[in-house]
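For reference, the structure discussed in these notes is given below.
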Amino acid sequence: MGDLLITVAPTGAETTKADCPQLPTTLPELVETARRCEAAGAGMIHVHIRDDDHRPTLDLGRLTDTVDALHEATGLVVQLSTGGSVHDPLADRLKVLDARPDSCSLTMGTTNFGDDVFLNPWPFVQDLYVLSQERGVVPEFELFDLGQVAALHRLLDRHGLPYGGRVHVDLVMGVPGGMPGTADALVAAVAALPEVTTSWSATGIGRSTLAVALASLSKGGHLRVGMEDVLTLARGVPVEHNDQLVTRVVELGRIAQRTPMSGAEARALLGLAG
Ligand code: KMH
Ligand code: ZN
């Protein structure tokens, strides 16, 4: 039985194909990545898609085809990003749920995002949450800072539990503008999580990736890794394939006596029907 959920976030919306040709931006590349990451130990995939020019898109037809292709090729839980890119309109981000993913990301507040702003006004957060309940999509609450932990308390108090009855959180740490990717910040955020939280994972952006992974394992948390969050294995050593990042945390988990969850086990963790 697995007890460590590894989510792979293979693409993101920030890195360009020109800067990183090995980034999986086409559907065949994404499916191949998903297969390899599942074989390496991932249980869930967090998906951003690109258009024919490798630019971020929320095109509904492409999103639906992507969900279908990933379900056909793998047993992974398919989570679509509702964060998109910092340039995506809020209305388009709500429509992501029309693609019928298993899960969706749901960020709990607005965050400075480098030189940009990742916009998540409170009415939008509530609309997206209520829509996820209506559509039977399990949200992953993405928390970029401690204030967003407090916002999660407010959301659950006002609107009740998510579809499926489980509360799964992902701490996204080390974004310039959010909480730092440190063990201290992780411990503070975990201590403040709502009591009804049933599982949580963490990811550290850039060079905070290992510090956050080790801190999460120490606190009994789950892990997210992938080229959305980090593009190097060490200084000057580029990631060539997302499965390298999955394999690395499988090894960290093995040292911590944790075993990767399959997609089916991840479904049970998140309250999704088999
Ligand atoms: N691309 C970021 C602006 C999410 O996927 O929900 C937002 C993001 C979070 O990646
Ligand atoms: Zn994302």
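The way I read the labels, and the way they are meant: chains A, B, ... in the order of the structure tokens, residue 1 as the first residue of every chain, and ligand 1 as the first ligand shown, with later ones counted on from there.
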Taking only C-alpha atoms and all ligand atoms into account, produce a table as CSV in which each residue of chain A with an atom at most 10 Å from an atom of ligand 2 appears once, together with its shortest atom pair and the distance in Å to one decimal, ordered by chain and rising number.
```
residue,atom,partner,partner_atom_place_in_ligand_line,distance
A:Ala9,CA,ligand 2,1 (Zn),6.9
A:Pro10,CA,ligand 2,1 (Zn),9.1
A:Thr11,CA,ligand 2,1 (Zn),8.1
A:Gly12,CA,ligand 2,1 (Zn),5.2
A:Ala13,CA,ligand 2,1 (Zn),7.1
A:Glu14,CA,ligand 2,1 (Zn),9.3
A:His46,CA,ligand 2,1 (Zn),6.5
A:Val47,CA,ligand 2,1 (Zn),6.9
A:His48,CA,ligand 2,1 (Zn),6.4
A:Gln79,CA,ligand 2,1 (Zn),9.6
A:Leu80,CA,ligand 2,1 (Zn),8.2
A:Ser81,CA,ligand 2,1 (Zn),5.3
A:Thr82,CA,ligand 2,1 (Zn),7.7
A:Gly83,CA,ligand 2,1 (Zn),6.1
A:Gly84,CA,ligand 2,1 (Zn),6.7
A:Ser85,CA,ligand 2,1 (Zn),8.3
A:Cys104,CA,ligand 2,1 (Zn),9.8
A:Ser105,CA,ligand 2,1 (Zn),7.4
A:Leu106,CA,ligand 2,1 (Zn),9.7
A:Thr107,CA,ligand 2,1 (Zn),9.7
A:Glu142,CA,ligand 2,1 (Zn),9.2
A:Val172,CA,ligand 2,1 (Zn),9.6
A:Glu228,CA,ligand 2,1 (Zn),6.8
A:Asp229,CA,ligand 2,1 (Zn),8.5
```
With N, CA and C atoms kept, could you save the residues just selected as an mmCIF file, in the first residue's frame?
```cif
data_model
loop_
_atom_site.group_PDB
_atom_site.id
_atom_site.type_symbol
_atom_site.label_atom_id
_atom_site.label_comp_id
_atom_site.auth_asym_id
_atom_site.auth_seq_id
_atom_site.Cartn_x
_atom_site.Cartn_y
_atom_site.Cartn_z
ATOM 1 N N ALA A 9 3.885 18.048 -11.855
ATOM 2 C CA ALA A 9 3.419 19.254 -12.536
ATOM 3 C C ALA A 9 4.416 19.484 -13.687
ATOM 4 N N PRO A 10 4.142 18.907 -14.858
ATOM 5 C CA PRO A 10 5.215 18.775 -15.844
ATOM 6 C C PRO A 10 5.492 19.995 -16.717
ATOM 7 N N THR A 11 4.549 20.955 -16.791
ATOM 8 C CA THR A 11 4.685 21.983 -17.843
ATOM 9 C C THR A 11 4.592 23.413 -17.299
ATOM 10 N N GLY A 12 3.511 23.709 -16.555
ATOM 11 C CA GLY A 12 3.320 25.082 -16.084
ATOM 12 C C GLY A 12 2.970 26.025 -17.216
ATOM 13 N N ALA A 13 2.950 27.302 -16.888
ATOM 14 C CA ALA A 13 2.579 28.314 -17.876
ATOM 15 C C ALA A 13 3.665 29.361 -18.063
ATOM 16 N N GLU A 14 4.743 29.246 -17.331
ATOM 17 C CA GLU A 14 5.720 30.336 -17.298
ATOM 18 C C GLU A 14 6.925 30.108 -18.220
ATOM 19 N N HIS A 46 -0.726 17.417 -12.513
ATOM 20 C CA HIS A 46 -1.272 18.783 -12.506
ATOM 21 C C HIS A 46 -0.956 19.373 -13.882
ATOM 22 N N VAL A 47 -2.022 19.707 -14.622
ATOM 23 C CA VAL A 47 -1.865 19.945 -16.057
ATOM 24 C C VAL A 47 -2.113 21.403 -16.446
ATOM 25 N N HIS A 48 -1.148 21.964 -17.152
ATOM 26 C CA HIS A 48 -1.335 23.186 -17.945
ATOM 27 C C HIS A 48 -1.096 22.791 -19.400
ATOM 28 N N GLN A 79 -5.567 16.408 -12.769
ATOM 29 C CA GLN A 79 -5.921 17.700 -12.175
ATOM 30 C C GLN A 79 -5.608 18.795 -13.194
ATOM 31 N N LEU A 80 -6.638 19.564 -13.559
ATOM 32 C CA LEU A 80 -6.403 20.706 -14.441
ATOM 33 C C LEU A 80 -6.118 21.952 -13.621
ATOM 34 N N SER A 81 -5.178 22.732 -14.098
ATOM 35 C CA SER A 81 -4.924 24.033 -13.468
ATOM 36 C C SER A 81 -6.067 24.976 -13.774
ATOM 37 N N THR A 82 -6.589 25.628 -12.738
ATOM 38 C CA THR A 82 -7.498 26.758 -12.966
ATOM 39 C C THR A 82 -6.759 28.074 -12.760
ATOM 40 N N GLY A 83 -5.461 27.958 -12.459
ATOM 41 C CA GLY A 83 -4.644 29.159 -12.310
ATOM 42 C C GLY A 83 -4.241 29.708 -13.668
ATOM 43 N N GLY A 84 -4.038 28.763 -14.608
ATOM 44 C CA GLY A 84 -3.621 29.151 -15.957
ATOM 45 C C GLY A 84 -2.339 29.947 -15.920
ATOM 46 N N SER A 85 -2.288 30.968 -16.777
ATOM 47 C CA SER A 85 -1.159 31.903 -16.735
ATOM 48 C C SER A 85 -1.644 33.206 -16.098
ATOM 49 N N CYS A 104 -9.181 19.912 -9.667
ATOM 50 C CA CYS A 104 -8.746 21.207 -10.191
ATOM 51 C C CYS A 104 -7.947 21.917 -9.097
ATOM 52 N N SER A 105 -6.970 22.689 -9.522
ATOM 53 C CA SER A 105 -6.287 23.538 -8.549
ATOM 54 C C SER A 105 -7.195 24.705 -8.197
ATOM 55 N N LEU A 106 -7.076 25.198 -6.964
ATOM 56 C CA LEU A 106 -7.917 26.311 -6.520
ATOM 57 C C LEU A 106 -7.066 27.149 -5.560
ATOM 58 N N THR A 107 -6.564 28.245 -6.056
ATOM 59 C CA THR A 107 -5.672 29.081 -5.245
ATOM 60 C C THR A 107 -6.486 30.031 -4.384
ATOM 61 N N GLU A 142 -4.534 25.398 -3.332
ATOM 62 C CA GLU A 142 -3.132 25.810 -3.450
ATOM 63 C C GLU A 142 -2.919 27.054 -2.590
ATOM 64 N N VAL A 172 2.423 25.849 -2.010
ATOM 65 C CA VAL A 172 3.317 26.232 -3.109
ATOM 66 C C VAL A 172 4.265 27.278 -2.543
ATOM 67 N N GLU A 228 7.165 22.497 -13.990
ATOM 68 C CA GLU A 228 6.450 23.744 -13.693
ATOM 69 C C GLU A 228 7.178 24.501 -12.587
ATOM 70 N N ASP A 229 7.793 23.760 -11.676
ATOM 71 C CA ASP A 229 8.330 24.352 -10.451
ATOM 72 C C ASP A 229 9.851 24.462 -10.433
#
```
### Query
as a PyMOL selection string, which residues of region 61-230 of chain A does DSSP assign to alpha helix (DSSP H)?
chain A and resi 61-73+90-95+122-135+146-159+183-192+209-218
#### Entry: Distance criterion (only C-alpha atoms and all ligand atoms): nearest to ligand 1 out of A:Ser199, A:Gln148, A:Thr247, A:Thr110
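The answer is A:Thr110, which sits nearest to ligand 1.
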### Task
Mind checking which residues fall within 8 Å of region 31-34 of chain A, counting only C-alpha atoms, ignoring those fewer than 2 positions away in the same chain, and posting them as a ChimeraX atom specification?
/A:10,24,27-29,36-38,45,69-70,73-74,76,241-243
### Task
Go through A:Asp157, A:Glu195, A:Glu140, A:Asp98 and flag the residue nearest ligand 1, using only C-alpha atoms and all ligand atoms for the distances.
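Among the listed residues, the smallest separation from ligand 1 belongs to A:Glu140.
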### Query
Out of A:Val77, A:Val149, A:Leu23, A:Met173, which residue has the shortest atom-to-atom distance to ligand 1 when counting only C-alpha atoms and all ligand atoms?
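Counting only C-alpha atoms and all ligand atoms, the residue closest to ligand 1 is A:Met173.
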### Task
Could you give me, as a list in words, the residues within 9 Å of Gly206 (chain A), counting only C-alpha atoms and dropping anything in the same chain fewer than 6 positions from it?
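Listing them by chain and then by number gives Gly174, Val175, Asp229, Val230, Leu231 and Thr232 of chain A.
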Would you please give, as a short mmCIF file (atom, residue, chain, number, x, y, z; two decimals) with all heavy atoms, in the first residue's frame, all residues of region 73-231 of chain A that DSSP assigns to strand (DSSP E or B) based on the backbone?
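So part-v7.cif came out as:
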```cif
data_model
loop_
_atom_site.label_atom_id
_atom_site.label_comp_id
_atom_site.auth_asym_id
_atom_site.auth_seq_id
_atom_site.Cartn_x
_atom_site.Cartn_y
_atom_site.Cartn_z
N VAL A 77 -4.60 10.43 -11.42
CA VAL A 77 -5.62 11.44 -11.18
C VAL A 77 -5.25 12.65 -12.03
O VAL A 77 -4.11 13.12 -12.00
CB VAL A 77 -5.66 11.85 -9.69
CG1 VAL A 77 -6.64 13.00 -9.47
CG2 VAL A 77 -6.02 10.66 -8.82
N VAL A 78 -6.22 13.12 -12.81
CA VAL A 78 -5.95 14.25 -13.72
C VAL A 78 -6.49 15.53 -13.10
O VAL A 78 -7.70 15.70 -12.92
CB VAL A 78 -6.56 14.01 -15.11
CG1 VAL A 78 -6.32 15.22 -16.01
CG2 VAL A 78 -5.98 12.74 -15.73
N GLN A 79 -5.57 16.41 -12.77
CA GLN A 79 -5.92 17.70 -12.18
C GLN A 79 -5.61 18.79 -13.19
O GLN A 79 -4.47 18.92 -13.64
CB GLN A 79 -5.09 17.95 -10.92
CG GLN A 79 -5.34 19.31 -10.28
CD GLN A 79 -4.42 19.53 -9.10
OE1 GLN A 79 -3.37 20.13 -9.23
NE2 GLN A 79 -4.81 19.01 -7.95
N LEU A 80 -6.64 19.56 -13.56
CA LEU A 80 -6.40 20.71 -14.44
C LEU A 80 -6.12 21.95 -13.62
O LEU A 80 -6.77 22.19 -12.59
CB LEU A 80 -7.61 20.96 -15.35
CG LEU A 80 -7.86 19.94 -16.46
CD1 LEU A 80 -9.09 20.37 -17.28
CD2 LEU A 80 -6.65 19.78 -17.38
N SER A 103 -9.86 16.55 -10.80
CA SER A 103 -9.47 17.52 -9.78
C SER A 103 -9.12 18.84 -10.45
O SER A 103 -8.84 18.88 -11.66
CB SER A 103 -8.25 16.96 -9.02
OG SER A 103 -7.71 17.93 -8.13
N CYS A 104 -9.18 19.91 -9.67
CA CYS A 104 -8.75 21.21 -10.19
C CYS A 104 -7.95 21.92 -9.10
O CYS A 104 -8.22 21.72 -7.91
CB CYS A 104 -9.93 22.07 -10.60
SG CYS A 104 -10.99 22.56 -9.23
N SER A 105 -6.97 22.69 -9.52
CA SER A 105 -6.29 23.54 -8.55
C SER A 105 -7.19 24.70 -8.20
O SER A 105 -8.01 25.15 -9.02
CB SER A 105 -4.95 24.04 -9.11
OG SER A 105 -5.15 24.74 -10.31
N LEU A 106 -7.08 25.20 -6.96
CA LEU A 106 -7.92 26.31 -6.52
C LEU A 106 -7.07 27.15 -5.56
O LEU A 106 -6.86 26.75 -4.41
CB LEU A 106 -9.17 25.76 -5.83
CG LEU A 106 -10.39 26.67 -5.70
CD1 LEU A 106 -11.59 25.89 -5.21
CD2 LEU A 106 -10.16 27.88 -4.83
N THR A 107 -6.56 28.25 -6.06
CA THR A 107 -5.67 29.08 -5.24
C THR A 107 -6.49 30.03 -4.38
O THR A 107 -7.45 30.64 -4.85
CB THR A 107 -4.68 29.84 -6.15
OG1 THR A 107 -3.86 28.88 -6.79
CG2 THR A 107 -3.82 30.80 -5.34
N THR A 111 -1.67 36.75 -5.30
CA THR A 111 -0.26 36.67 -4.91
C THR A 111 0.58 37.47 -5.90
O THR A 111 0.38 37.34 -7.13
CB THR A 111 0.21 35.19 -4.97
OG1 THR A 111 -0.69 34.39 -4.21
CG2 THR A 111 1.61 35.02 -4.44
N ASN A 112 1.52 38.24 -5.40
CA ASN A 112 2.54 38.76 -6.32
C ASN A 112 3.31 37.57 -6.85
O ASN A 112 3.64 36.63 -6.11
CB ASN A 112 3.48 39.73 -5.60
CG ASN A 112 2.85 41.10 -5.45
OD1 ASN A 112 2.08 41.55 -6.29
ND2 ASN A 112 3.16 41.76 -4.35
N PHE A 113 3.59 37.58 -8.16
CA PHE A 113 4.15 36.41 -8.82
C PHE A 113 5.33 36.91 -9.65
O PHE A 113 5.18 37.23 -10.82
CB PHE A 113 3.05 35.80 -9.70
CG PHE A 113 3.24 34.37 -10.06
CD1 PHE A 113 2.83 33.34 -9.22
CD2 PHE A 113 3.84 34.03 -11.27
CE1 PHE A 113 3.01 32.01 -9.57
CE2 PHE A 113 4.02 32.71 -11.62
CZ PHE A 113 3.60 31.70 -10.77
N ASP A 116 4.74 39.91 -11.89
CA ASP A 116 3.32 39.86 -12.27
C ASP A 116 2.45 39.67 -11.03
O ASP A 116 2.95 39.56 -9.91
CB ASP A 116 3.08 38.70 -13.24
CG ASP A 116 3.81 38.90 -14.55
OD1 ASP A 116 3.60 39.96 -15.17
OD2 ASP A 116 4.59 38.02 -14.96
N VAL A 117 1.13 39.62 -11.27
CA VAL A 117 0.17 39.37 -10.19
C VAL A 117 -0.68 38.17 -10.58
O VAL A 117 -1.26 38.13 -11.68
CB VAL A 117 -0.74 40.61 -9.95
CG1 VAL A 117 -1.79 40.29 -8.90
CG2 VAL A 117 0.09 41.80 -9.51
N PHE A 118 -0.73 37.18 -9.70
CA PHE A 118 -1.60 36.01 -9.90
C PHE A 118 -2.90 36.32 -9.19
O PHE A 118 -2.99 36.29 -7.96
CB PHE A 118 -0.91 34.77 -9.35
CG PHE A 118 -1.71 33.49 -9.44
CD1 PHE A 118 -2.67 33.30 -10.43
CD2 PHE A 118 -1.49 32.47 -8.54
CE1 PHE A 118 -3.39 32.12 -10.52
CE2 PHE A 118 -2.21 31.28 -8.60
CZ PHE A 118 -3.16 31.12 -9.60
N VAL A 138 -12.87 17.48 -7.56
CA VAL A 138 -12.21 17.61 -6.26
C VAL A 138 -11.15 18.72 -6.33
O VAL A 138 -10.22 18.63 -7.13
CB VAL A 138 -11.53 16.28 -5.85
CG1 VAL A 138 -10.63 16.47 -4.64
CG2 VAL A 138 -12.59 15.22 -5.56
N PRO A 139 -11.28 19.75 -5.51
CA PRO A 139 -10.29 20.82 -5.57
C PRO A 139 -9.03 20.46 -4.79
O PRO A 139 -9.08 19.74 -3.79
CB PRO A 139 -11.00 21.99 -4.88
CG PRO A 139 -11.95 21.35 -3.93
CD PRO A 139 -12.35 20.03 -4.54
N GLU A 140 -7.92 20.94 -5.29
CA GLU A 140 -6.68 20.96 -4.48
C GLU A 140 -6.47 22.42 -4.12
O GLU A 140 -6.29 23.27 -5.01
CB GLU A 140 -5.49 20.43 -5.28
CG GLU A 140 -4.17 20.59 -4.53
CD GLU A 140 -2.99 20.10 -5.35
OE1 GLU A 140 -2.68 18.91 -5.27
OE2 GLU A 140 -2.39 20.93 -6.08
N PHE A 141 -6.51 22.73 -2.84
CA PHE A 141 -6.36 24.12 -2.40
C PHE A 141 -4.88 24.47 -2.45
O PHE A 141 -4.07 23.91 -1.71
CB PHE A 141 -6.92 24.29 -0.98
CG PHE A 141 -8.38 23.95 -0.90
CD1 PHE A 141 -8.82 22.76 -0.34
CD2 PHE A 141 -9.34 24.83 -1.42
CE1 PHE A 141 -10.17 22.44 -0.28
CE2 PHE A 141 -10.71 24.52 -1.35
CZ PHE A 141 -11.11 23.32 -0.79
N GLU A 142 -4.53 25.40 -3.33
CA GLU A 142 -3.13 25.81 -3.45
C GLU A 142 -2.92 27.05 -2.59
O GLU A 142 -3.62 28.06 -2.74
CB GLU A 142 -2.77 26.08 -4.91
CG GLU A 142 -2.91 24.85 -5.76
CD GLU A 142 -1.93 24.78 -6.93
OE1 GLU A 142 -1.31 25.80 -7.26
OE2 GLU A 142 -1.80 23.68 -7.50
N LEU A 143 -1.97 26.94 -1.67
CA LEU A 143 -1.71 28.01 -0.71
C LEU A 143 -0.32 28.55 -0.93
O LEU A 143 0.67 27.82 -0.81
CB LEU A 143 -1.85 27.47 0.72
CG LEU A 143 -3.17 26.74 1.03
CD1 LEU A 143 -3.18 26.25 2.48
CD2 LEU A 143 -4.38 27.62 0.76
N HIS A 168 -7.85 18.43 0.52
CA HIS A 168 -6.45 18.23 0.12
C HIS A 168 -5.84 19.58 -0.24
O HIS A 168 -6.39 20.34 -1.04
CB HIS A 168 -6.35 17.28 -1.08
CG HIS A 168 -4.95 17.09 -1.56
ND1 HIS A 168 -3.99 16.41 -0.82
CD2 HIS A 168 -4.33 17.51 -2.68
CE1 HIS A 168 -2.85 16.41 -1.48
NE2 HIS A 168 -3.02 17.07 -2.60
N VAL A 169 -4.68 19.83 0.35
CA VAL A 169 -4.01 21.13 0.24
C VAL A 169 -2.65 20.93 -0.41
O VAL A 169 -2.00 19.91 -0.19
CB VAL A 169 -3.84 21.72 1.67
CG1 VAL A 169 -2.88 22.90 1.66
CG2 VAL A 169 -5.19 22.12 2.26
N ASP A 170 -2.21 21.91 -1.19
CA ASP A 170 -0.83 21.92 -1.68
C ASP A 170 -0.20 23.26 -1.31
O ASP A 170 -0.72 24.31 -1.68
CB ASP A 170 -0.79 21.73 -3.20
CG ASP A 170 0.63 21.65 -3.73
OD1 ASP A 170 1.44 20.89 -3.17
OD2 ASP A 170 0.93 22.36 -4.72
N LEU A 171 0.88 23.20 -0.57
CA LEU A 171 1.64 24.42 -0.23
C LEU A 171 2.61 24.70 -1.37
O LEU A 171 3.47 23.87 -1.66
CB LEU A 171 2.40 24.22 1.08
CG LEU A 171 1.57 23.78 2.29
CD1 LEU A 171 2.48 23.47 3.48
CD2 LEU A 171 0.56 24.86 2.66
N VAL A 172 2.42 25.85 -2.01
CA VAL A 172 3.32 26.23 -3.11
C VAL A 172 4.26 27.28 -2.54
O VAL A 172 3.86 28.41 -2.25
CB VAL A 172 2.54 26.78 -4.32
CG1 VAL A 172 3.50 27.07 -5.47
CG2 VAL A 172 1.47 25.79 -4.76
N MET A 173 5.51 26.89 -2.38
CA MET A 173 6.44 27.70 -1.58
C MET A 173 7.61 28.18 -2.44
O MET A 173 8.06 27.48 -3.33
CB MET A 173 6.97 26.85 -0.41
CG MET A 173 5.83 26.15 0.35
SD MET A 173 6.39 25.21 1.75
CE MET A 173 6.91 26.52 2.84
N PRO A 176 8.43 34.12 -5.79
CA PRO A 176 8.77 35.48 -5.38
C PRO A 176 7.50 36.30 -5.19
O PRO A 176 6.84 36.65 -6.15
CB PRO A 176 9.62 36.02 -6.54
CG PRO A 176 10.00 34.81 -7.35
CD PRO A 176 8.93 33.79 -7.13
N GLY A 178 5.37 35.11 -2.54
CA GLY A 178 4.67 34.23 -1.61
C GLY A 178 5.56 33.84 -0.44
O GLY A 178 6.62 34.44 -0.20
N SER A 199 -5.34 15.70 3.81
CA SER A 199 -4.00 15.45 3.25
C SER A 199 -3.43 16.76 2.76
O SER A 199 -4.17 17.68 2.40
CB SER A 199 -4.06 14.43 2.11
OG SER A 199 -4.96 14.85 1.09
N TRP A 200 -2.12 16.82 2.77
CA TRP A 200 -1.47 18.02 2.24
C TRP A 200 -0.15 17.62 1.59
O TRP A 200 0.50 16.66 2.00
CB TRP A 200 -1.24 19.10 3.32
CG TRP A 200 -0.38 18.65 4.46
CD1 TRP A 200 -0.79 18.04 5.61
CD2 TRP A 200 1.05 18.75 4.56
NE1 TRP A 200 0.29 17.76 6.42
CE2 TRP A 200 1.43 18.17 5.80
CE3 TRP A 200 2.04 19.27 3.72
CZ2 TRP A 200 2.76 18.11 6.22
CZ3 TRP A 200 3.36 19.20 4.13
CH2 TRP A 200 3.71 18.62 5.37
N SER A 201 0.20 18.38 0.56
CA SER A 201 1.49 18.20 -0.08
C SER A 201 2.18 19.55 -0.13
O SER A 201 1.61 20.57 0.25
CB SER A 201 1.31 17.63 -1.50
OG SER A 201 0.63 18.56 -2.30
N ALA A 202 3.42 19.53 -0.59
CA ALA A 202 4.15 20.79 -0.70
C ALA A 202 5.08 20.72 -1.90
O ALA A 202 5.55 19.64 -2.28
CB ALA A 202 4.96 21.05 0.57
N THR A 203 5.31 21.88 -2.49
CA THR A 203 6.30 22.00 -3.56
C THR A 203 7.11 23.26 -3.34
O THR A 203 6.56 24.29 -2.94
CB THR A 203 5.63 21.99 -4.95
OG1 THR A 203 6.64 21.98 -5.95
CG2 THR A 203 4.74 23.20 -5.17
N GLY A 204 8.39 23.15 -3.59
CA GLY A 204 9.28 24.31 -3.48
C GLY A 204 9.73 24.73 -4.87
O GLY A 204 10.21 23.91 -5.65
N HIS A 222 2.79 15.06 1.68
CA HIS A 222 2.97 14.51 0.34
C HIS A 222 3.80 15.51 -0.48
O HIS A 222 4.17 16.58 0.02
CB HIS A 222 1.60 14.23 -0.29
CG HIS A 222 0.78 13.25 0.51
ND1 HIS A 222 0.96 11.89 0.45
CD2 HIS A 222 -0.22 13.46 1.41
CE1 HIS A 222 0.11 11.27 1.27
NE2 HIS A 222 -0.62 12.21 1.87
N LEU A 223 4.06 15.14 -1.74
CA LEU A 223 5.01 15.93 -2.53
C LEU A 223 4.45 16.28 -3.91
O LEU A 223 3.77 15.45 -4.52
CB LEU A 223 6.30 15.13 -2.74
CG LEU A 223 7.04 14.69 -1.48
CD1 LEU A 223 8.18 13.75 -1.85
CD2 LEU A 223 7.55 15.90 -0.71
N ARG A 224 4.78 17.48 -4.38
CA ARG A 224 4.59 17.80 -5.78
C ARG A 224 5.95 18.19 -6.35
O ARG A 224 6.69 18.96 -5.71
CB ARG A 224 3.61 18.96 -5.95
CG ARG A 224 3.48 19.40 -7.42
CD ARG A 224 2.44 20.48 -7.60
NE ARG A 224 3.03 21.67 -8.21
CZ ARG A 224 2.34 22.73 -8.60
NH1 ARG A 224 1.03 22.78 -8.44
NH2 ARG A 224 2.94 23.78 -9.13
N VAL A 225 6.26 17.69 -7.53
CA VAL A 225 7.49 18.06 -8.24
C VAL A 225 7.15 18.22 -9.71
O VAL A 225 6.09 17.79 -10.15
CB VAL A 225 8.60 16.99 -8.09
CG1 VAL A 225 9.11 16.91 -6.66
CG2 VAL A 225 8.13 15.62 -8.57
#
```
### Query
For Leu210 (chain A), which of A:Val130, A:Leu97, A:Leu252, A:Ala268 is the closest residue, counting only C-alpha atoms?
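Looking at the shortest contact to Leu210 (chain A), the residue is A:Leu252.
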### Message
One decimal, in Å: what's the spacing between CA of Asp51 (chain A) and CA of Asp88 (chain A)?
### Response
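Computing the Euclidean distance for CA of Asp51 (chain A) and CA of Asp88 (chain A) yields 13.7 Å.
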### Task
Give me, please, the distance in Å between CA of Gly226 (chain A) and CA of Leu156 (chain A), quoted to one decimal.
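CA of Leu156 (chain A) lies 28.8 Å from CA of Gly226 (chain A).
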### Query
Interatomic distance between CA of Val125 (chain A) and CA of Ala183 (chain A)?
27.5 Å
### Summary
Judged by only C-alpha atoms, the minimum distance to His54 (chain A) among A:Glu134, A:Asp19, A:Asp184, A:Glu72 is found for A:Asp19
### Task
Can you work out which one of A:Thr66, A:Thr57, A:Thr197, A:Gln22 has the shortest atom-to-atom distance to ligand 1, counting only C-alpha atoms and all ligand atoms?
A:Thr57
